[in-house]
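Here is the file final.tsv (TSV, C-alpha atoms).
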```tsv
chain	number	residue	atom	x	y	z
A	12	MET	CA	14.04	-51.32	32.72
A	13	ASN	CA	11.31	-53.28	31.14
A	14	GLN	CA	9.74	-52.52	27.79
A	15	LEU	CA	6.53	-51.13	29.24
A	16	SER	CA	8.28	-48.39	31.22
A	17	MET	CA	10.52	-47.50	28.25
A	18	PHE	CA	7.40	-47.31	26.05
A	19	GLY	CA	5.80	-44.92	28.56
A	20	GLU	CA	8.89	-42.73	28.62
A	21	ASN	CA	9.07	-42.67	24.83
A	22	ILE	CA	5.39	-41.70	24.59
A	23	ALA	CA	5.91	-38.90	27.14
A	24	LEU	CA	8.96	-37.70	25.20
A	25	LEU	CA	7.03	-37.80	21.92
A	26	ILE	CA	4.13	-35.85	23.42
A	27	GLY	CA	6.59	-33.24	24.75
A	28	ILE	CA	8.30	-32.88	21.38
A	29	LEU	CA	4.98	-32.55	19.54
A	30	THR	CA	3.77	-29.97	22.06
A	31	CYS	CA	6.94	-27.91	21.58
A	32	LEU	CA	6.58	-28.15	17.79
A	33	GLY	CA	2.95	-27.04	18.07
A	34	PHE	CA	3.88	-23.99	20.13
A	35	ALA	CA	6.73	-23.17	17.73
A	36	GLY	CA	4.29	-23.44	14.80
A	37	ILE	CA	1.81	-21.11	16.48
A	38	ILE	CA	4.54	-18.58	17.27
A	39	GLY	CA	5.82	-18.83	13.69
A	40	LEU	CA	2.32	-18.26	12.31
A	41	VAL	CA	1.76	-15.22	14.54
A	42	LEU	CA	5.15	-13.80	13.56
A	43	TYR	CA	4.51	-14.37	9.85
A	44	THR	CA	1.06	-12.76	10.05
A	45	SER	CA	2.32	-9.73	11.96
A	46	LEU	CA	5.21	-9.19	9.52
A	47	ARG	CA	2.84	-9.38	6.55
A	48	ALA	CA	0.45	-6.93	8.20
A	49	ALA	CA	3.29	-4.48	8.90
A	50	HIS	CA	4.55	-4.79	5.32
A	51	THR	CA	1.06	-4.24	3.91
A	52	ALA	CA	0.52	-1.18	6.10
A	53	ARG	CA	3.86	0.31	5.04
A	54	ARG	CA	3.16	-0.38	1.35
A	55	SER	CA	-0.32	1.10	1.68
A	56	SER	CA	0.94	4.29	3.31
A	57	LYS	CA	3.60	4.71	0.59
A	58	SER	CA	0.97	4.22	-2.10
A	59	LEU	CA	-1.36	6.73	-0.47
A	60	ALA	CA	1.46	9.27	-0.17
A	61	ALA	CA	2.35	8.83	-3.86
A	62	TYR	CA	-1.31	9.25	-4.85
A	63	ASP	CA	-1.65	12.36	-2.69
A	64	LYS	CA	1.54	13.80	-4.20
A	65	SER	CA	0.22	13.23	-7.73
A	66	ARG	CA	-2.96	15.12	-6.87
A	67	ARG	CA	-1.15	18.29	-5.68
A	68	ASP	CA	0.76	20.99	-7.54
A	69	ALA	CA	4.22	22.35	-6.71
A	70	ARG	CA	2.75	24.72	-4.12
A	71	GLY	CA	0.87	21.92	-2.32
A	72	ARG	CA	-2.63	22.85	-3.43
A	73	LEU	CA	-5.09	20.24	-4.69
A	74	LEU	CA	-5.32	19.97	-8.46
A	75	PRO	CA	-8.69	20.14	-10.25
A	76	PRO	CA	-10.27	16.87	-11.47
A	77	LEU	CA	-8.80	15.12	-14.51
A	78	GLY	CA	-10.55	13.98	-17.64
A	79	ALA	CA	-10.12	13.47	-21.34
A	80	GLY	CA	-10.25	16.52	-23.54
A	81	ILE	CA	-8.33	19.20	-25.36
A	82	CYS	CA	-6.24	21.82	-23.57
A	83	GLU	CA	-7.63	25.27	-24.34
A	84	GLN	CA	-4.20	26.96	-24.33
A	85	CYS	CA	-1.93	24.60	-26.26
A	86	GLY	CA	-4.51	22.37	-28.01
A	87	ASP	CA	-2.82	19.18	-26.83
A	88	THR	CA	-5.02	16.04	-26.85
A	89	ARG	CA	-2.50	13.39	-25.79
A	90	LYS	CA	-2.57	14.18	-22.06
A	91	PRO	CA	-5.42	14.21	-19.59
A	92	VAL	CA	-6.66	17.73	-18.92
A	93	HIS	CA	-7.76	19.42	-15.70
A	94	PHE	CA	-11.34	20.71	-15.57
A	95	LEU	CA	-11.23	24.04	-13.73
A	96	LEU	CA	-14.12	25.55	-11.81
A	97	ASP	CA	-14.56	28.33	-14.37
A	98	GLY	CA	-15.22	25.72	-17.09
A	99	SER	CA	-11.84	25.87	-18.81
A	100	ARG	CA	-9.70	22.81	-19.53
A	101	LEU	CA	-5.92	22.93	-19.16
A	102	CYS	CA	-3.14	20.33	-19.36
A	103	ARG	CA	-0.69	19.99	-16.47
A	104	GLN	CA	2.03	22.14	-18.09
A	105	CYS	CA	-0.36	24.96	-18.92
A	106	LEU	CA	-1.90	24.74	-15.44
A	107	ASP	CA	1.54	25.01	-13.82
A	108	ALA	CA	2.45	27.96	-16.06
A	109	ARG	CA	-0.78	29.79	-15.21
A	110	PRO	CA	0.09	32.64	-12.83
A	111	GLY	CA	-1.57	32.73	-9.42
A	112	LYS	CA	-4.42	30.30	-10.03
A	113	SER	CA	-4.86	26.53	-10.17
```
Taking this structure as input, can you express it in the form of structure tokens?
Amino acid sequence: MNQLSMFGENIALLIGILTCLGFAGIIGLVLYTSLRAAHTARRSSKSLAAYDKSRRDARGRLLPPLGAGICEQCGDTRKPVHFLLDGSRLCRQCLDARPGKS
């Protein structure tokens, strides 16, 4: 074989190798992106579930909005209080102890 035909074969082999590496890189990029998207979706759903759980009481009902203030039953100012529709403000413990209402 002369040098010109060996050069042509080497170029063809190099082009084939680079093409395979390009396809492998594209497949790797697609796989990486899809795994990150799945992980982000799972983390987002867990975060949303934790937020929803923090906004509900033991019976599954939505809690009133939170804000800074003083609990009208125990006088506690260290915790955020719930602002009820009737205008009263109660901390979480007093709200949970309140019979029948939330």
Quick one: residues within 12 Å of Cys85 of chain A, only C-alpha atoms counted, chain neighbours fewer than 6 positions away excluded, as a list of chain:residue names?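 Neighbouring residues, sequence-local ones excluded: A:Val92, A:Arg100, A:Leu101, A:Cys102, A:Arg103, A:Gln104, A:Cys105, A:Leu106, A:Ala108.
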Calculate how many Å separate atom CA of Gln84 of chain A from atom CA of Leu96 of chain A, rounding to one decimal.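 One can read the atom CA of Gln84 of chain A to atom CA of Leu96 of chain A distance as 16.0 Å.
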For atom CA of Glu83 of chain A and atom CA of Asp107 of chain A, quote the distance in Å rounded to one decimal. 14.0 Å
One-decimal distance in Å that lies between atom CA of Pro76 of chain A and atom CA of Leu95 of chain A: 7.6 Å
Missing atoms in segment 86-101 of chain A: can you complete it with N, CA and C atoms, as a PDB file, in the frame of the given file?
```pdb
ATOM      1  N   GLY A  86      -3.816  23.232 -27.062  1.00  0.00           N
ATOM      2  CA  GLY A  86      -4.510  22.370 -28.010  1.00  0.00           C
ATOM      3  C   GLY A  86      -4.046  20.921 -27.973  1.00  0.00           C
ATOM      4  N   ASP A  87      -3.358  20.526 -26.940  1.00  0.00           N
ATOM      5  CA  ASP A  87      -2.820  19.180 -26.830  1.00  0.00           C
ATOM      6  C   ASP A  87      -3.933  18.197 -26.454  1.00  0.00           C
ATOM      7  N   THR A  88      -3.996  17.055 -27.148  1.00  0.00           N
ATOM      8  CA  THR A  88      -5.020  16.040 -26.850  1.00  0.00           C
ATOM      9  C   THR A  88      -4.421  14.745 -26.322  1.00  0.00           C
ATOM     10  N   ARG A  89      -3.107  14.645 -26.208  1.00  0.00           N
ATOM     11  CA  ARG A  89      -2.500  13.390 -25.790  1.00  0.00           C
ATOM     12  C   ARG A  89      -2.518  13.191 -24.283  1.00  0.00           C
ATOM     13  N   LYS A  90      -2.630  14.263 -23.517  1.00  0.00           N
ATOM     14  CA  LYS A  90      -2.570  14.180 -22.060  1.00  0.00           C
ATOM     15  C   LYS A  90      -3.957  14.357 -21.471  1.00  0.00           C
ATOM     16  N   PRO A  91      -4.157  13.859 -20.246  1.00  0.00           N
ATOM     17  CA  PRO A  91      -5.420  14.210 -19.590  1.00  0.00           C
ATOM     18  C   PRO A  91      -5.399  15.691 -19.219  1.00  0.00           C
ATOM     19  N   VAL A  92      -6.562  16.306 -19.227  1.00  0.00           N
ATOM     20  CA  VAL A  92      -6.660  17.730 -18.920  1.00  0.00           C
ATOM     21  C   VAL A  92      -7.383  17.913 -17.588  1.00  0.00           C
ATOM     22  N   HIS A  93      -7.117  19.056 -16.959  1.00  0.00           N
ATOM     23  CA  HIS A  93      -7.760  19.420 -15.700  1.00  0.00           C
ATOM     24  C   HIS A  93      -8.975  20.277 -16.010  1.00  0.00           C
ATOM     25  N   PHE A  94     -10.113  19.932 -15.406  1.00  0.00           N
ATOM     26  CA  PHE A  94     -11.340  20.710 -15.570  1.00  0.00           C
ATOM     27  C   PHE A  94     -11.422  21.712 -14.433  1.00  0.00           C
ATOM     28  N   LEU A  95     -11.227  22.989 -14.740  1.00  0.00           N
ATOM     29  CA  LEU A  95     -11.230  24.040 -13.730  1.00  0.00           C
ATOM     30  C   LEU A  95     -12.654  24.451 -13.385  1.00  0.00           C
ATOM     31  N   LEU A  96     -12.788  25.141 -12.258  1.00  0.00           N
ATOM     32  CA  LEU A  96     -14.120  25.550 -11.810  1.00  0.00           C
ATOM     33  C   LEU A  96     -14.780  26.562 -12.740  1.00  0.00           C
ATOM     34  N   ASP A  97     -13.980  27.349 -13.453  1.00  0.00           N
ATOM     35  CA  ASP A  97     -14.560  28.330 -14.370  1.00  0.00           C
ATOM     36  C   ASP A  97     -14.967  27.717 -15.716  1.00  0.00           C
ATOM     37  N   GLY A  98     -14.801  26.403 -15.870  1.00  0.00           N
ATOM     38  CA  GLY A  98     -15.220  25.720 -17.090  1.00  0.00           C
ATOM     39  C   GLY A  98     -14.105  25.496 -18.090  1.00  0.00           C
ATOM     40  N   SER A  99     -12.930  26.060 -17.855  1.00  0.00           N
ATOM     41  CA  SER A  99     -11.840  25.870 -18.810  1.00  0.00           C
ATOM     42  C   SER A  99     -11.135  24.540 -18.562  1.00  0.00           C
ATOM     43  N   ARG A 100     -10.440  24.069 -19.601  1.00  0.00           N
ATOM     44  CA  ARG A 100      -9.700  22.810 -19.530  1.00  0.00           C
ATOM     45  C   ARG A 100      -8.241  23.087 -19.870  1.00  0.00           C
ATOM     46  N   LEU A 101      -7.336  22.682 -18.958  1.00  0.00           N
ATOM     47  CA  LEU A 101      -5.920  22.930 -19.160  1.00  0.00           C
ATOM     48  C   LEU A 101      -5.126  21.664 -18.866  1.00  0.00           C
TER      49      LEU A 101
END
```
